[in-house]
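A short write-up of the structure that comes next.
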Amino acid sequence: MARISTAEEWGHRLESVDALESYREQLLAERDPDRPTIIVCHGTGCRANGSPKVAEAFRAAIEAENLDAAVVPQIKTTGCHGFCSRGPLVIMEPSGIFYEKVKPDDAEEIVKTTLVEGKPVERLLYENPNTGEHVTHHEEIPFYKHQERIVMRHIGTIDPRDIRDSLASGAYKGLAKALSTMKPEQVVEEVTQSGLRGRGGAGFPTGRKWTTAIKAAERKQEPLYVVVNGDEGDPGAFMDRTLMEGDPHALLEGLILGAYAMGAHEGFIYVRAEYPLAIEHLNIAMDQARELGLLGEDILGSGFSFDVQINRGAGAFVCGESTALFTSIEGRAGEPRPKYVRSAEEGLWGKPTVLNNVETWCNVPLIIENGAEWYAGLGVPHSTGTKVFSLVGKVNNVGLVEVPMGMPLNDLIEKIGGGVPGQDHFKAVQTGGPSGGCLPWELRETPVDFDSLTRAGSMMGSGGMIVMDDRDCVVDVARYFLRFLEDESCGKCLPCRLGLQSMLQFLDAFSSGKGSVEDIEALKSLARAVQDGSLCALGGSAPNPVLTTIRYFAEEYEAHIRDGKCPAGVCKDLITYRIDPDVCTGCGACARSCPQQCITGEKKEPHTIDETQCIRCGMCMESCKFGAVVVE
Amino acid sequence: MSKKSEKDNGKIHFTIDGQEVEAEEGWTVLDTARHYRIPIPTLCHHEAVKPSGACRLCVVEAKQGDWSKVVISCMYPPWEGVEIQTRSERVMNVRRWILEMLLAECPAAEEIRALAAEHGVLDTRFKVEDPEEQCLLCGLCVRVCEEVVGVRAISFGSRGVHKHIATPYMVPNQACIACGSCVTVCPTGAMEARLERVRGDIAERTGHGFAH
């Protein structure tokens with residue numbers, strides 16, 4: 001076979017599936033699996049914590065150490081490892097030693113101790129908060145141990161800016177298989193049989209959506225478009241961002257497979273402009289894929305042509321809704337329209353369009369490569385596969401996790417999340433983003449799958465998971481999410497534009513102890529009107545946090561209204577801060593932290609707060625080391 | 001009762017409030033109801049422009065067996081055998097809340113007050129921002145100007161709770177041909193009250209973009 005190029009000088013078009021596979025073999029052959037590699041996480045979180053400087057420090061340290069040319073270590077910058085609260089993260093390969101919170105100053109010691117002497121640097125290892133023991137390897141850390149990373153399998157090991165790294169890890173194997181051995185309808189059938197459901201929120205069966213669009217395109221004799229929804233707008237959610245940043249080729253491969261299956265020749269990736277790194281990595285990936293002939297005209301010599309472009313969204317939450325996303329791509333204001341005709345039949349420019357979420361597309365190559373049967377064996381019967389969640393809030397291990405569908409809520413939070421800091425268990429979990437629902441501790445055994453969450457009044461949504469503890473007030477939480485949604489409402493339909501505003505008026509009254517118990521019933525009635533009457537899913541699901549918090553925490557609402565008390569100590573109109581004179585040591589830390597300067601007292605004598613000046617910011621409570629500041 | 005397989009000339013048979021009706025191909029539920037003189041209130045609907053589904057006052061409940069969904073009649077395509085209810089509990093709940101909220105949004109609109117009263121809504125518990133306001137942002141003026149007149153002199157400004165009827169840069173728009181279509185289609189007196197802000201002083205207008 002003709003020599004294509006060496007791994008280091010690439011850029012030739014791969015003219016066939018065989019050429020791709022021999023190029024892959026060549027790449028693997030030129031790689032030394034034992035070559036020391038320092039993986040420095042370059043996800044957005046770790047970057048913000050200074051990981052580029054850490055990588056720079058490693059380069060300098062290696063140069064200074066003047067290591068033998070035979071063992072020249074490489075430094076690899078990868079996508080997000082998920083354990084964002086511990087960043088910047090560094091993993092040493094091939095040993096798998098895991099370092100957390102690495103600073104540039106640590107680079108020299110790591111090079112000397114681990115690279116040269118082969119020993120771990122104890123102080124940078126992860127410490128299990130429950131046992132106090134140091135954990136050396138990342139796969140032993142509970143946060144990783146209980147996950148099943150399939151969609152994210154390459155994230156954190158590959159350099160997302162180098163297609164050769166992706167190819168060496170098996171990228172485009174599914175595409176090669178489909179182009180060489182499968183007809184388009186077989187690809188659709190495989191996806192249908194896998195049971196894959198949309199990861200963007202509603203959980204619509206992907207295979208069925210594809211079939212609807214194919215039929216519509218045939219009937220109407222029109223082109224079909226494939227679109228990626230990367231307009232991840234939920235506060236605290238970063239699944240799609242991580243997938244696009246960390247493994248852009250998985251998304252491209254999924255999209256190309258979908259296009260092949262449905263006979264589409266044009267695709268669009270709609271990404272919010274707030275994700276510059278995702279856009280950068282996608283652009284690099286698209287250029288490199290085009291250069292190798294994996295994207296564009298005559299892909300891998302198969303005769304099938306498909307290309308894709310990126311559309312940047314201006315960051316409107318409502319543009320995550322399919323029809324609003326389409327109007328935005330078409331160049332108009334992102335407002336939804338009624339969907340009595342499915343967008344699979346009438347979508348972008350009125351043509352049959354398949355819009356799937358980033359994570360959904362990323363699942364497709366796995367299904368094609370490993371088969372529908374394998375995929376359907378993951379998760380639970382009606383929710384197959386895995387789901388990526390962003391686990392945030394009052395939880396020890398904040399980060400991105402991937403688990404099989406159907407894992408009990410509590411396992412996710414306790415085993416992977418490491419539980420709630422300073423408390424026995426969580427109070428509530430908001431699943432499904434701002435328009436999801438708030439589930440109480442009593443429902444901790446709820447399996448996390450599409451249908452179980454819906455039955456509990458919540459939803460899968462795109463996979464945001466916000467953990468709350470006893471210091472979170474459910475009325476305040478409902479208000480927070482509703483305010484977000486009110487702000488993001490496009491204002492086209494009255495139930496959403498006026499309804500969210502009016503619901504907020506009820507909640508504002510409750511949070512200052514006003515209103516009556518009858519108002520709770522009125523609020524529920526209004527919430528149902530907003531659900532029933534709204535044009536799109538934004539308004540239709542916006543009442544979920546309100547309805548679920550009323551359903552599961554009625555007594556907390558009543559405490560606000562009937563007793564004028566906020567049990568969690570959050571609603572400012574209903575609380576007062578007080579210093580317990582028996583506990584106060586008179587250290588003065590609270591007085592120094594008070595922005596109102598309304599805390600007075602002699603040194604080493606109990607201090608007092610002037611309630612008339614206090615703005616209830618809680619700074620004094622934060623600063624007190626003795627727990628003397630109490631909220632009532 | 002419904003005749004599932006007997007489609008004649010694309011006609012669709014279904015019921016509205018128990019009454020058997022027949023829709024021509026392409027009719028919406030609202031078209032059919034109007035044909036049979038079954039009243040359904042609307043605010044943002046007008047024959048001259050395409051429906052947009054903004055006001056949601058025309059909601060009805062579509063049912064079959066255990067399945068039921070609240071939909072807007074101005075855009076919902078009827079299907080063989082569907083049972084439409086125009087005054088079910090869920091429907092009236094949506095309408096009454098919309099009207100109560102509109103009493104706070106545009107308290108000066110007599111038409112809204114009358115419609116609300118018909119639904120037993122006489123007062124609002126919500127905060128009134130502007131007692132003089134008549135506009136409910138149904139968008140008829142914007143749509144007629146774009147779809148019928150073809151000049152797009154008016155549009156929506158901002159979004160969500162800040163949404164309002166506006167001209168580009170908030171100055172009178174030279175593109176306005178002063179045809180008055182927006183005033184004609186406005187369901188309340190709102191457009192009349194803000195016409196000057198769109199059109200400006202006609203005496204000042206000189207030629208460009210203005211049809212004499």
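All residue names refer to the structure tokens as shown: chains lettered A, B, ... in order, residues numbered from 1 in each chain, ligands numbered from 1 in order.
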Taking a cut-off of 6 Å and counting only C-alpha atoms, can you build a table that, for each residue of chain B near chain A, reports the nearest atom pair and how far apart they are in Å (one decimal), sorted by chain then residue number, as a Markdown table?
```
| residue | atom | partner | partner_atom | distance |
| --- | --- | --- | --- | --- |
| B:Ala54 | CA | A:Cys493 | CA | 4.1 |
| B:Cys55 | CA | A:Leu494 | CA | 5.4 |
| B:Val70 | CA | A:Asp532 | CA | 5.8 |
| B:Asn93 | CA | A:Ala529 | CA | 6.0 |
| B:Val94 | CA | A:Ala529 | CA | 4.4 |
| B:Arg159 | CA | A:Cys490 | CA | 5.2 |
| B:Gly160 | CA | A:Gly491 | CA | 3.7 |
| B:Val161 | CA | A:Arg497 | CA | 5.9 |
```
- Message: Could you pull out the helix (DSSP H, G or I) residues of stretch 156-373 of chain A, going by DSSP on the backbone, and write them as a count of residues only?
- Response: 113
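Shell of A:Gly203 at 10 Å, with only C-alpha atoms counted and residues fewer than 2 places along the chain excluded, is Leu196, Arg197, Gly198, Arg199, Gly200, Gly201, Pro205, Thr206, Thr360, Ser383, Asp449, Phe450, Asp451, Met459, Met460, Gly461 and Ser462 of chain A.
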Generate a file of the selected residues that holds C-alpha atoms, formatted as a short mmCIF file (atom, residue, chain, number, x, y, z; two decimals), in the first residue's frame.
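Written out: result-v1.cif:
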```cif
data_model
loop_
_atom_site.label_atom_id
_atom_site.label_comp_id
_atom_site.auth_asym_id
_atom_site.auth_seq_id
_atom_site.Cartn_x
_atom_site.Cartn_y
_atom_site.Cartn_z
CA LEU A 196 -31.15 6.10 22.29
CA ARG A 197 -33.28 9.02 23.49
CA GLY A 198 -32.54 12.72 23.06
CA ARG A 199 -30.15 14.02 25.71
CA GLY A 200 -31.29 17.62 25.39
CA GLY A 201 -34.25 17.40 27.69
CA PRO A 205 -36.48 8.55 20.72
CA THR A 206 -33.69 9.52 18.33
CA THR A 360 -27.01 12.64 21.62
CA SER A 383 -33.56 4.76 29.21
CA ASP A 449 -33.77 8.01 34.12
CA PHE A 450 -36.18 9.86 31.85
CA ASP A 451 -39.44 8.30 33.03
CA MET A 459 -37.22 15.97 34.36
CA MET A 460 -33.92 14.75 33.00
CA GLY A 461 -33.43 18.01 31.14
CA SER A 462 -29.97 18.28 29.74
#
```
Can you tell me which residues surround stretch 37-51 of chain B at a distance of at most 8 Å, considering only C-alpha atoms, apart from same-chain residues fewer than 3 positions away, and format the answer as a PDB file with C-alpha atoms, in the first residue's frame?
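Below is the file that was written, result37.pdb:
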```pdb
ATOM      1  CA  LEU B  30     -60.661  28.114  14.933  1.00  0.00           C
ATOM      2  CA  ALA B  33     -65.474  26.862  14.966  1.00  0.00           C
ATOM      3  CA  ARG B  34     -66.088  30.210  13.277  1.00  0.00           C
ATOM      4  CA  ALA B  54     -49.019  34.879  20.925  1.00  0.00           C
ATOM      5  CA  CYS B  55     -52.101  35.724  23.005  1.00  0.00           C
ATOM      6  CA  ARG B  56     -53.139  32.119  23.776  1.00  0.00           C
ATOM      7  CA  LEU B  57     -56.690  33.242  24.536  1.00  0.00           C
ATOM      8  CA  CYS B  58     -58.064  30.933  21.867  1.00  0.00           C
ATOM      9  CA  CYS B  74     -55.910  29.449  15.689  1.00  0.00           C
ATOM     10  CA  MET B  75     -53.101  27.139  14.582  1.00  0.00           C
ATOM     11  CA  THR B  86     -63.757  25.100  24.051  1.00  0.00           C
ATOM     12  CA  CYS B 138     -50.264  40.877  20.461  1.00  0.00           C
ATOM     13  CA  GLY B 139     -48.071  41.955  17.542  1.00  0.00           C
ATOM     14  CA  LEU B 140     -50.861  42.477  15.021  1.00  0.00           C
ATOM     15  CA  ARG B 143     -47.332  41.639  11.425  1.00  0.00           C
ATOM     16  CA  VAL B 144     -49.712  43.691   9.283  1.00  0.00           C
ATOM     17  CA  GLU B 147     -46.963  40.967   5.800  1.00  0.00           C
ATOM     18  CA  VAL B 148     -49.603  43.206   4.236  1.00  0.00           C
ATOM     19  CA  VAL B 185     -55.991  45.848  13.239  1.00  0.00           C
ATOM     20  CA  PRO B 187     -57.571  45.062  19.130  1.00  0.00           C
TER      21      PRO B 187
END
```
- Item | For atom CA of A:Asp469 and atom CA of A:Pro440, the interatomic separation in Å (one decimal) |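 We find that atom CA of A:Asp469 and atom CA of A:Pro440 lie 10.2 Å from each other.
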- Task: Can you list, as an MDAnalysis selection string, all residues belonging to stretch 67-313 of chain A that DSSP tags as strand (DSSP E or B)?
- Result: chainID A and resid 74:78 90:93 97:99 126:127 134:135 137 197 205 225:230 266:272 296 306:313
- Message: So that I can see what lies close to stretch 13-23 of chain B, please list as a list in words the residues with an atom at most 6 Å from it, counting only C-alpha atoms and leaving out residues fewer than 3 positions away in the same chain.
- Response: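 Residues near the query, excluding close chain neighbours: Ser2, Thr32, Glu80, Gly81, Val82, Glu83, Ile84 and Gln85 of chain B.
You will find atom CA of B:Ala117 at 19.2 Å from atom CA of A:Ala522.
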